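J.: Structure supplied as my_file-v5.cif; contents: mmCIF, C-alpha atoms.
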```
data_my_file
loop_
_atom_site.label_atom_id
_atom_site.label_comp_id
_atom_site.auth_asym_id
_atom_site.auth_seq_id
_atom_site.Cartn_x
_atom_site.Cartn_y
_atom_site.Cartn_z
CA MET Z 201 0.00 0.00 0.00
CA THR Z 202 1.25 3.49 -0.75
CA ALA Z 203 1.43 6.18 1.88
CA SER Z 204 -1.39 8.09 0.23
CA ALA Z 205 -3.60 5.01 0.18
CA SER Z 206 -3.07 4.38 3.87
CA ARG Z 207 -3.88 7.99 4.67
CA ARG Z 208 -7.04 7.65 2.63
CA THR Z 209 -8.25 4.83 4.89
CA SER Z 210 -7.89 7.16 7.87
CA GLY Z 211 -10.99 8.94 6.61
CA ARG Z 212 -9.63 12.34 5.69
CA GLY Z 213 -11.23 14.08 2.75
CA ARG Z 214 -10.09 15.37 -0.62
CA ARG Z 215 -7.20 17.77 -0.82
CA PRO Z 216 -6.48 20.53 -3.29
CA GLY Z 217 -3.42 20.14 -5.53
CA GLY Z 218 -0.14 20.48 -3.61
CA PRO Z 219 3.54 20.11 -4.37
CA ASP Z 220 3.47 16.30 -4.43
CA THR Z 221 -0.12 15.82 -5.57
CA ARG Z 222 1.04 14.96 -9.06
CA GLY Z 223 3.32 12.25 -7.68
CA GLU Z 224 0.59 10.87 -5.47
CA ILE Z 225 -1.82 10.65 -8.39
CA LEU Z 226 0.85 8.80 -10.36
CA ALA Z 227 1.44 6.39 -7.46
CA ALA Z 228 -2.28 5.73 -7.17
CA ALA Z 229 -2.51 5.24 -10.94
CA ARG Z 230 0.39 2.77 -10.98
CA ALA Z 231 -1.18 0.79 -8.14
CA SER Z 232 -4.57 0.71 -9.86
CA PHE Z 233 -3.27 -0.19 -13.33
CA ALA Z 234 -1.19 -3.00 -11.80
CA GLU Z 235 -4.00 -4.29 -9.61
CA ARG Z 236 -7.05 -3.86 -11.87
CA GLY Z 237 -5.49 -3.59 -15.32
CA PHE Z 238 -6.04 -0.85 -17.86
CA ASP Z 239 -9.68 -1.50 -18.70
CA ARG Z 240 -10.97 -1.63 -15.14
CA THR Z 241 -9.01 1.40 -13.98
CA THR Z 242 -10.98 4.66 -14.00
CA ILE Z 243 -9.85 8.23 -13.54
CA ARG Z 244 -12.51 8.48 -10.84
CA ALA Z 245 -11.06 5.55 -8.84
CA VAL Z 246 -7.50 6.84 -9.19
CA ALA Z 247 -8.67 10.26 -7.98
CA ALA Z 248 -10.40 8.63 -4.99
CA ASP Z 249 -7.25 6.67 -4.14
CA ALA Z 250 -5.17 9.84 -4.31
CA ARG Z 251 -7.89 11.81 -2.43
CA VAL Z 252 -8.22 14.44 -5.13
CA ASP Z 253 -10.96 15.59 -7.44
CA PRO Z 254 -11.12 13.68 -10.77
CA ALA Z 255 -10.91 17.05 -12.52
CA LEU Z 256 -7.45 17.49 -11.05
CA VAL Z 257 -6.35 14.17 -12.55
CA HIS Z 258 -7.64 15.31 -15.93
CA HIS Z 259 -5.96 18.66 -15.44
CA TYR Z 260 -2.57 17.11 -14.72
CA PHE Z 261 -2.66 14.12 -17.05
CA GLY Z 262 -5.45 14.35 -19.63
CA ASN Z 263 -7.35 11.12 -20.32
CA LYS Z 264 -6.83 7.57 -19.07
CA GLU Z 265 -4.34 6.67 -21.83
CA ASP Z 266 -2.29 9.77 -21.03
CA LEU Z 267 -2.34 8.84 -17.35
CA PHE Z 268 -1.29 5.30 -18.22
CA LEU Z 269 1.73 6.44 -20.25
CA ALA Z 270 2.70 8.90 -17.51
CA ALA Z 271 2.33 6.21 -14.83
CA LEU Z 272 4.61 3.87 -16.78
CA GLU Z 273 7.09 6.73 -17.34
CA VAL Z 274 7.24 5.79 -21.00
CA PRO Z 275 9.36 8.61 -22.45
CA ILE Z 276 7.51 8.65 -25.78
CA ASP Z 277 3.91 8.77 -26.91
CA PRO Z 278 3.12 5.91 -29.32
CA ARG Z 279 -0.18 7.60 -30.14
CA THR Z 280 1.54 10.42 -32.01
CA LEU Z 281 4.38 8.34 -33.49
CA ILE Z 282 2.17 5.60 -34.94
CA PRO Z 283 -0.09 7.87 -37.04
CA GLU Z 284 3.00 9.67 -38.38
CA VAL Z 285 4.48 6.34 -39.47
CA PHE Z 286 1.28 5.31 -41.26
CA ALA Z 287 0.39 8.71 -42.70
CA PRO Z 288 2.02 8.14 -46.12
CA GLY Z 289 0.19 4.79 -46.51
CA LEU Z 290 1.13 1.14 -46.22
CA ALA Z 291 3.85 1.22 -48.90
CA GLY Z 292 7.21 1.60 -47.19
CA VAL Z 293 5.67 1.47 -43.73
CA GLY Z 294 8.01 -1.35 -42.64
CA GLU Z 295 11.01 0.89 -43.16
CA ARG Z 296 9.36 3.89 -41.46
CA MET Z 297 8.42 1.68 -38.50
CA VAL Z 298 11.98 0.45 -37.89
CA ARG Z 299 13.46 3.89 -38.47
CA THR Z 300 11.07 5.55 -36.02
CA PHE Z 301 11.50 2.73 -33.54
CA LEU Z 302 15.29 3.00 -33.64
CA GLY Z 303 15.06 6.79 -33.43
CA VAL Z 304 13.34 6.35 -30.07
CA TRP Z 305 15.13 3.29 -28.66
CA ASP Z 306 18.69 4.04 -29.80
CA ARG Z 307 18.71 7.29 -27.79
CA PRO Z 308 20.39 6.39 -24.49
CA GLU Z 309 18.12 8.57 -22.35
CA ASN Z 310 15.00 6.83 -23.70
CA ASN Z 311 16.69 3.48 -23.72
CA GLN Z 312 17.41 3.42 -20.00
CA ALA Z 313 13.87 4.36 -19.01
CA LEU Z 314 12.31 1.91 -21.46
CA VAL Z 315 14.55 -0.99 -20.48
CA ALA Z 316 13.90 -0.33 -16.80
CA PHE Z 317 10.17 -0.32 -17.58
CA ILE Z 318 10.35 -3.60 -19.50
CA ARG Z 319 12.31 -5.27 -16.75
CA THR Z 320 10.00 -4.25 -13.94
CA ALA Z 321 7.11 -5.54 -16.03
CA PHE Z 322 8.34 -9.09 -15.45
CA VAL Z 323 8.77 -9.03 -11.73
CA ALA Z 324 5.15 -9.87 -11.01
CA ASP Z 325 2.23 -11.50 -12.77
CA GLU Z 326 0.10 -8.36 -12.59
CA THR Z 327 2.72 -6.20 -14.22
CA ALA Z 328 3.02 -8.58 -17.17
CA ASP Z 329 -0.76 -8.27 -17.46
CA LEU Z 330 -0.32 -4.54 -17.23
CA LEU Z 331 2.21 -4.48 -20.05
CA ARG Z 332 -0.11 -6.59 -22.20
CA ASN Z 333 -3.00 -4.28 -21.40
CA GLY Z 334 -0.85 -1.32 -22.28
CA ILE Z 335 0.28 -2.74 -25.60
CA GLU Z 336 -3.29 -3.68 -26.48
CA ALA Z 337 -4.81 -0.43 -25.28
CA VAL Z 338 -2.27 2.01 -26.65
CA VAL Z 339 -0.14 0.44 -29.39
CA LEU Z 340 -2.44 -2.09 -31.06
CA ARG Z 341 -5.45 0.19 -30.77
CA ALA Z 342 -3.52 2.71 -32.88
CA VAL Z 343 -1.99 0.21 -35.32
CA ILE Z 344 -4.93 -2.08 -36.11
CA PRO Z 345 -7.14 0.51 -37.87
CA GLN Z 346 -4.17 1.45 -40.07
CA LEU Z 347 -3.81 -2.17 -41.18
CA ARG Z 348 -7.51 -2.73 -41.96
CA PRO Z 349 -7.04 -2.32 -45.72
CA ALA Z 350 -4.72 -5.37 -45.78
CA GLY Z 351 -7.20 -7.66 -43.98
CA ASP Z 352 -6.29 -9.78 -40.93
CA ALA Z 353 -5.40 -6.49 -39.28
CA GLU Z 354 -5.32 -7.86 -35.72
CA VAL Z 355 -3.04 -10.77 -36.64
CA ARG Z 356 -0.73 -8.54 -38.68
CA ALA Z 357 -0.52 -5.99 -35.86
CA THR Z 358 0.47 -8.63 -33.30
CA LEU Z 359 3.03 -10.15 -35.69
CA VAL Z 360 4.59 -6.70 -36.16
CA ALA Z 361 4.51 -6.34 -32.36
CA SER Z 362 6.27 -9.68 -31.99
CA GLN Z 363 9.19 -8.58 -34.19
CA MET Z 364 9.38 -5.23 -32.40
CA ALA Z 365 9.27 -6.92 -28.99
CA GLY Z 366 12.02 -9.29 -30.08
CA LEU Z 367 14.15 -6.40 -31.29
CA ILE Z 368 13.67 -4.73 -27.90
CA MET Z 369 14.66 -7.91 -26.09
CA ALA Z 370 17.67 -8.79 -28.27
CA ARG Z 371 19.10 -5.32 -28.97
CA TYR Z 372 18.28 -3.37 -25.80
CA VAL Z 373 17.38 -5.63 -22.87
CA LEU Z 374 19.63 -8.67 -23.36
CA ARG Z 375 22.06 -6.78 -25.65
CA ILE Z 376 22.94 -9.82 -27.74
CA GLU Z 377 25.85 -9.14 -30.08
CA PRO Z 378 26.29 -8.34 -32.90
CA LEU Z 379 22.66 -7.14 -33.08
CA ALA Z 380 23.08 -4.85 -30.05
CA SER Z 381 25.83 -2.84 -31.79
CA LEU Z 382 24.64 -3.14 -35.39
CA PRO Z 383 24.45 0.31 -37.07
CA ALA Z 384 20.87 1.56 -37.22
CA GLU Z 385 20.87 1.59 -41.03
CA ASP Z 386 21.79 -2.11 -41.11
CA VAL Z 387 18.98 -2.91 -38.68
CA VAL Z 388 16.60 -1.02 -40.98
CA SER Z 389 17.82 -2.95 -44.04
CA TRP Z 390 17.48 -6.33 -42.35
CA VAL Z 391 14.24 -5.84 -40.42
CA ALA Z 392 12.15 -3.47 -42.54
CA PRO Z 393 11.28 -6.00 -45.31
CA ASN Z 394 10.13 -8.48 -42.66
CA LEU Z 395 7.82 -5.93 -41.06
CA GLN Z 396 6.59 -4.91 -44.51
CA ARG Z 397 5.76 -8.54 -45.23
CA TYR Z 398 3.67 -8.78 -42.05
CA VAL Z 399 1.87 -5.62 -43.19
CA ASP Z 400 1.05 -6.48 -46.77
CA ALA Z 401 1.87 -10.11 -47.65
CA PRO Z 402 -1.14 -12.12 -48.78
CA PRO Z 403 -2.59 -14.02 -45.80
CA PRO Z 404 -1.49 -17.67 -45.57
CA PRO Z 405 -3.75 -20.18 -47.35
CA ARG Z 406 -6.27 -21.82 -45.04
CA PRO Z 407 -6.79 -25.56 -45.46
CA MET K 390 37.73 -39.58 0.58
CA THR K 391 38.05 -37.98 4.02
CA ALA K 392 36.73 -34.58 4.93
CA SER K 393 40.14 -33.36 5.97
CA ALA K 394 41.67 -34.33 2.64
CA SER K 395 40.01 -31.52 0.73
CA ARG K 396 38.98 -28.61 2.89
CA ARG K 397 37.81 -25.59 0.99
CA THR K 398 37.30 -21.99 1.95
CA SER K 399 34.00 -22.89 3.57
CA GLY K 400 35.94 -24.99 6.04
CA ARG K 401 33.62 -27.90 5.49
CA GLY K 402 34.82 -31.03 3.74
CA ARG K 403 33.62 -32.75 0.60
CA ARG K 404 30.82 -35.20 0.93
CA PRO K 405 30.01 -38.26 -1.15
CA GLY K 406 26.78 -38.14 -3.20
CA GLY K 407 23.70 -38.19 -0.99
CA PRO K 408 19.95 -37.86 -1.43
CA ASP K 409 20.03 -34.08 -1.94
CA THR K 410 23.51 -33.76 -3.42
CA ARG K 411 22.09 -33.32 -6.90
CA GLY K 412 19.90 -30.45 -5.68
CA GLU K 413 22.80 -28.83 -3.86
CA ILE K 414 24.95 -28.95 -6.97
CA LEU K 415 22.13 -27.33 -8.94
CA ALA K 416 21.74 -24.60 -6.31
CA ALA K 417 25.49 -23.93 -6.38
CA ALA K 418 25.41 -23.88 -10.19
CA ARG K 419 22.51 -21.41 -10.30
CA ALA K 420 24.28 -19.12 -7.85
CA SER K 421 27.51 -19.28 -9.81
CA PHE K 422 25.97 -18.76 -13.26
CA ALA K 423 23.99 -15.80 -11.91
CA GLU K 424 26.96 -14.25 -10.13
CA ARG K 425 29.83 -14.99 -12.53
CA GLY K 426 28.02 -15.67 -15.79
CA PHE K 427 28.38 -18.68 -18.03
CA ASP K 428 31.96 -18.16 -19.19
CA ARG K 429 33.49 -17.58 -15.77
CA THR K 430 31.65 -20.45 -14.12
CA THR K 431 33.64 -23.69 -13.90
CA ILE K 432 32.59 -27.20 -12.94
CA ARG K 433 35.42 -27.12 -10.44
CA ALA K 434 34.12 -23.98 -8.70
CA VAL K 435 30.53 -25.28 -8.62
CA ALA K 436 31.80 -28.54 -7.10
CA ALA K 437 33.74 -26.59 -4.47
CA ASP K 438 30.66 -24.51 -3.62
CA ALA K 439 28.58 -27.67 -3.27
CA ARG K 440 31.42 -29.41 -1.35
CA VAL K 441 31.59 -32.36 -3.74
CA ASP K 442 34.16 -33.75 -6.10
CA PRO K 443 34.09 -32.28 -9.64
CA ALA K 444 33.76 -35.85 -10.96
CA LEU K 445 30.41 -36.10 -9.20
CA VAL K 446 29.16 -32.97 -11.00
CA HIS K 447 30.22 -34.50 -14.31
CA HIS K 448 28.58 -37.77 -13.29
CA TYR K 449 25.23 -36.14 -12.52
CA PHE K 450 25.14 -33.44 -15.19
CA GLY K 451 27.74 -33.99 -17.93
CA ASN K 452 29.59 -30.88 -19.13
CA LYS K 453 29.12 -27.19 -18.28
CA GLU K 454 26.44 -26.62 -20.93
CA ASP K 455 24.47 -29.60 -19.61
CA LEU K 456 24.77 -28.23 -16.09
CA PHE K 457 23.66 -24.81 -17.29
CA LEU K 458 20.49 -26.17 -18.94
CA ALA K 459 19.75 -28.28 -15.86
CA ALA K 460 20.30 -25.28 -13.56
CA LEU K 461 17.86 -23.20 -15.59
CA GLU K 462 15.35 -26.07 -15.61
CA VAL K 463 14.93 -25.59 -19.36
CA PRO K 464 12.74 -28.54 -20.32
CA ILE K 465 14.33 -29.00 -23.75
CA ASP K 466 17.84 -29.24 -25.09
CA PRO K 467 18.43 -26.72 -27.88
CA ARG K 468 21.68 -28.49 -28.74
CA THR K 469 19.86 -31.52 -30.13
CA LEU K 470 16.91 -29.61 -31.63
CA ILE K 471 19.01 -27.09 -33.55
CA PRO K 472 21.12 -29.59 -35.53
CA GLU K 473 17.95 -31.53 -36.43
CA VAL K 474 16.38 -28.36 -37.79
CA PHE K 475 19.43 -27.55 -39.91
CA ALA K 476 20.26 -31.12 -41.00
CA PRO K 477 18.37 -30.95 -44.34
CA GLY K 478 20.17 -27.68 -45.28
CA LEU K 479 19.24 -24.01 -45.34
CA ALA K 480 16.34 -24.40 -47.79
CA GLY K 481 13.11 -24.56 -45.82
CA VAL K 482 14.89 -24.02 -42.52
CA GLY K 483 12.61 -21.10 -41.62
CA GLU K 484 9.59 -23.37 -41.65
CA ARG K 485 11.37 -26.13 -39.72
CA MET K 486 12.51 -23.61 -37.12
CA VAL K 487 9.00 -22.29 -36.42
CA ARG K 488 7.50 -25.76 -36.47
CA THR K 489 10.07 -27.14 -34.00
CA PHE K 490 9.79 -24.03 -31.86
CA LEU K 491 5.99 -24.30 -31.67
CA GLY K 492 6.26 -28.04 -31.01
CA VAL K 493 8.20 -27.20 -27.86
CA TRP K 494 6.49 -24.01 -26.72
CA ASP K 495 2.88 -24.87 -27.51
CA ARG K 496 3.01 -27.84 -25.10
CA PRO K 497 1.58 -26.54 -21.82
CA GLU K 498 3.99 -28.48 -19.61
CA ASN K 499 7.00 -26.91 -21.37
CA ASN K 500 5.30 -23.59 -21.69
CA GLN K 501 4.86 -23.07 -17.95
CA ALA K 502 8.46 -23.91 -17.13
CA LEU K 503 9.81 -21.77 -19.96
CA VAL K 504 7.64 -18.76 -19.19
CA ALA K 505 8.58 -18.99 -15.51
CA PHE K 506 12.23 -19.10 -16.55
CA ILE K 507 11.91 -16.07 -18.82
CA ARG K 508 10.13 -14.08 -16.15
CA THR K 509 12.63 -14.78 -13.41
CA ALA K 510 15.37 -13.75 -15.82
CA PHE K 511 14.16 -10.15 -15.57
CA VAL K 512 14.00 -9.78 -11.83
CA ALA K 513 17.66 -8.88 -11.46
CA ASP K 514 20.42 -7.48 -13.62
CA GLU K 515 22.59 -10.56 -13.23
CA THR K 516 19.88 -12.90 -14.40
CA ALA K 517 19.36 -10.89 -17.57
CA ASP K 518 23.10 -11.23 -18.10
CA LEU K 519 22.70 -14.91 -17.39
CA LEU K 520 19.98 -15.28 -20.00
CA ARG K 521 22.13 -13.47 -22.56
CA ASN K 522 25.08 -15.67 -21.68
CA GLY K 523 22.90 -18.71 -22.06
CA ILE K 524 21.51 -17.68 -25.43
CA GLU K 525 25.00 -16.88 -26.67
CA ALA K 526 26.64 -19.99 -25.21
CA VAL K 527 24.00 -22.56 -26.10
CA VAL K 528 21.67 -21.31 -28.84
CA LEU K 529 23.84 -19.01 -30.94
CA ARG K 530 26.87 -21.25 -30.62
CA ALA K 531 24.81 -24.00 -32.27
CA VAL K 532 23.09 -21.79 -34.88
CA ILE K 533 25.98 -19.62 -36.13
CA PRO K 534 28.07 -22.43 -37.73
CA GLN K 535 24.95 -23.61 -39.57
CA LEU K 536 24.50 -20.14 -41.08
CA ARG K 537 28.13 -19.70 -42.18
CA PRO K 538 27.40 -20.55 -45.83
CA ALA K 539 25.07 -17.54 -46.09
CA GLY K 540 27.66 -15.05 -44.76
CA ASP K 541 26.96 -12.56 -41.94
CA ALA K 542 26.20 -15.65 -39.85
CA GLU K 543 26.36 -13.86 -36.49
CA VAL K 544 24.03 -11.07 -37.58
CA ARG K 545 21.58 -13.52 -39.17
CA ALA K 546 21.56 -15.69 -36.06
CA THR K 547 20.76 -12.77 -33.76
CA LEU K 548 18.03 -11.53 -36.13
CA VAL K 549 16.45 -15.00 -36.07
CA ALA K 550 16.80 -14.92 -32.28
CA SER K 551 15.05 -11.53 -32.19
CA GLN K 552 11.99 -12.89 -34.03
CA MET K 553 11.93 -16.00 -31.84
CA ALA K 554 12.29 -13.91 -28.67
CA GLY K 555 9.46 -11.69 -29.86
CA LEU K 556 7.26 -14.69 -30.54
CA ILE K 557 7.99 -15.94 -27.03
CA MET K 558 7.10 -12.56 -25.55
CA ALA K 559 3.95 -11.93 -27.59
CA ARG K 560 2.49 -15.46 -27.77
CA TYR K 561 3.55 -17.02 -24.45
CA VAL K 562 4.63 -14.42 -21.89
CA LEU K 563 2.34 -11.47 -22.59
CA ARG K 564 -0.25 -13.57 -24.43
CA ILE K 565 -1.27 -10.81 -26.82
CA GLU K 566 -4.32 -11.77 -28.85
CA PRO K 567 -4.99 -12.90 -31.52
CA LEU K 568 -1.37 -14.13 -31.80
CA ALA K 569 -1.54 -16.05 -28.51
CA SER K 570 -4.41 -18.23 -29.80
CA LEU K 571 -3.49 -18.37 -33.48
CA PRO K 572 -3.38 -21.98 -34.74
CA ALA K 573 0.18 -23.25 -35.00
CA GLU K 574 -0.10 -23.76 -38.76
CA ASP K 575 -1.03 -20.10 -39.22
CA VAL K 576 1.94 -19.02 -37.12
CA VAL K 577 4.16 -21.17 -39.33
CA SER K 578 2.72 -19.63 -42.51
CA TRP K 579 3.15 -16.08 -41.27
CA VAL K 580 6.52 -16.32 -39.52
CA ALA K 581 8.49 -18.94 -41.49
CA PRO K 582 9.15 -16.78 -44.58
CA ASN K 583 10.47 -14.00 -42.35
CA LEU K 584 12.90 -16.35 -40.61
CA GLN K 585 13.90 -17.77 -43.99
CA ARG K 586 14.66 -14.26 -45.21
CA TYR K 587 16.96 -13.65 -42.23
CA VAL K 588 18.69 -16.93 -43.10
CA ASP K 589 19.26 -16.49 -46.82
CA ALA K 590 18.34 -13.02 -48.05
CA PRO K 591 21.27 -11.15 -49.60
CA PRO K 592 22.89 -8.92 -46.99
CA PRO K 593 21.79 -5.28 -47.13
CA PRO K 594 23.92 -3.00 -49.34
CA ARG K 595 26.56 -1.10 -47.39
CA PRO K 596 27.00 2.56 -48.29
#
```
Starting from the file, lay out its structure as structure tokens.
T.:
Amino acid sequence: MTASASRRTSGRGRRPGGPDTRGEILAAARASFAERGFDRTTIRAVAADARVDPALVHHYFGNKEDLFLAALEVPIDPRTLIPEVFAPGLAGVGERMVRTFLGVWDRPENNQALVAFIRTAFVADETADLLRNGIEAVVLRAVIPQLRPAGDAEVRATLVASQMAGLIMARYVLRIEPLASLPAEDVVSWVAPNLQRYVDAPPPPRP
Amino acid sequence: MTASASRRTSGRGRRPGGPDTRGEILAAARASFAERGFDRTTIRAVAADARVDPALVHHYFGNKEDLFLAALEVPIDPRTLIPEVFAPGLAGVGERMVRTFLGVWDRPENNQALVAFIRTAFVADETADLLRNGIEAVVLRAVIPQLRPAGDAEVRATLVASQMAGLIMARYVLRIEPLASLPAEDVVSWVAPNLQRYVDAPPPPRP
């Protein structure tokens, strides 16, 4: 239990925003997302846990997805990056995906925060659930509509996610060589056609 | 042998094999692999930690790689599976890789042990190092020679590993749908050509 949660049980009422209110909202949000998952977490419940008005949560963090990304301390916003990558259409999207991905992950300051996030996500069952919820709620929700024209959009999106997740594991978390030190342009050349195939290859024949 | 004949730093003597000797060797091996990594762990040091003769470690577990796989409780031996997959040559190896991989991972009894292993590997820094050491020492060491004919064997092997690692994360650890429930044959159809491309596509042009 967090300090703010234990104070809440003492029966004291809502507080106005103070110097550490933002941090206490984040702590309450982290606890709720981990315990209840993304879908069953509400701004209202997080506000109650942090003993503030829901409007203050909205004021500090925007909507539930914004709060989620802030709670996870993800240093980027996939919801702006993904539409940019898909804006020119599906042709060439594999290359734009890897390039954008490397642009984020190869920067050491992002890298450290993201790797720390990934690692903590495996300490407990609930946090693995949380990571899955987050990928589904934020990443796939943005990618799937873009892939609709190709058909099998949900399968394609999770296959793309699998290659991206594997790149994260091999290049950044486990740092397996030579992939960990491969120049970004070589990673693009190797990986982009595979992502492009997941995006626009004909679906496999069904027996 | 007598206890006084071989006192170690612990001050306790060696013991002959007993009912829990096997388990004590495994515990000593896990501690050593986690602390020193694969390369700097020796059968001799593990034997000393477990207060047994090195010959007993060899007797129970074989060589260092065998001991490593036993210590990690990996329910399969990649060193027999990998040569089987590559035996018919590089043509079609992508499909054989996914099929063999799914044959192991889709079985619930393997799945649980493997997912538990992957998760514990992220609790601490050393265990992530340990997992990397293990992949390098056991998996890549077996795959890289097989890929030599294609050139860039090390890069190709780690790219294949990245897609496999991503499949593990998405399908088994995070269980992202619809990939987590996709019939095995569909996974083969989608993923095999991508693995095959990592195996035998021409290397990217270098500027």
J.: If you apply the PyMOL selection byres ((chain K) within 8 of (chain Z)) to this file, what residues do you get, as an MDAnalysis selection string?
T.: chainID K and resid 508:509 511:512 517:518 520:521 525 543:544 547:548 550:556 558:559 562:568 575 578:579 583 586:587 592:593 595
J.: Which one is closest to Asp220 (chain Z): Z:Phe268, Z:Tyr260, Z:Ala313, Z:Pro254? Count only C-alpha atoms.
T.: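 Counting only C-alpha atoms, the residue closest to Asp220 (chain Z) is Z:Tyr260.
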J.: Would you mind telling me which residue in Z:Ala271, Z:Leu347, Z:Ala255, Z:Val315 lies nearest to Ala228 (chain Z) when using all atoms listed in the file?
T.: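 Using all atoms listed in the file, the shortest distance to Ala228 (chain Z) belongs to Z:Ala271.
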J.: Which distance in Å separates CA of Arg222 (chain Z) and CA of Lys264 (chain Z), to one decimal?
T.: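 Answer for the CA of Arg222 (chain Z) to CA of Lys264 (chain Z) separation: 14.7 Å.
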J.: Just so the selection is clear, what residues does the PyMOL selection byres ((chain K and resi 424-435) around 9) cover here, as a count of residues only?
T.: 32
J.: Between CA of Gly483 (chain K) and CA of Arg530 (chain K), what is the distance in Å, rounded to a tenth?
T.: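 It comes out at 18.0 Å.
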J.: To one decimal place in Å, what is the distance between CA of Gln501 (chain K) and CA of Ala476 (chain K)?
T.: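 Computing the Euclidean distance for CA of Gln501 (chain K) and CA of Ala476 (chain K) yields 28.9 Å.
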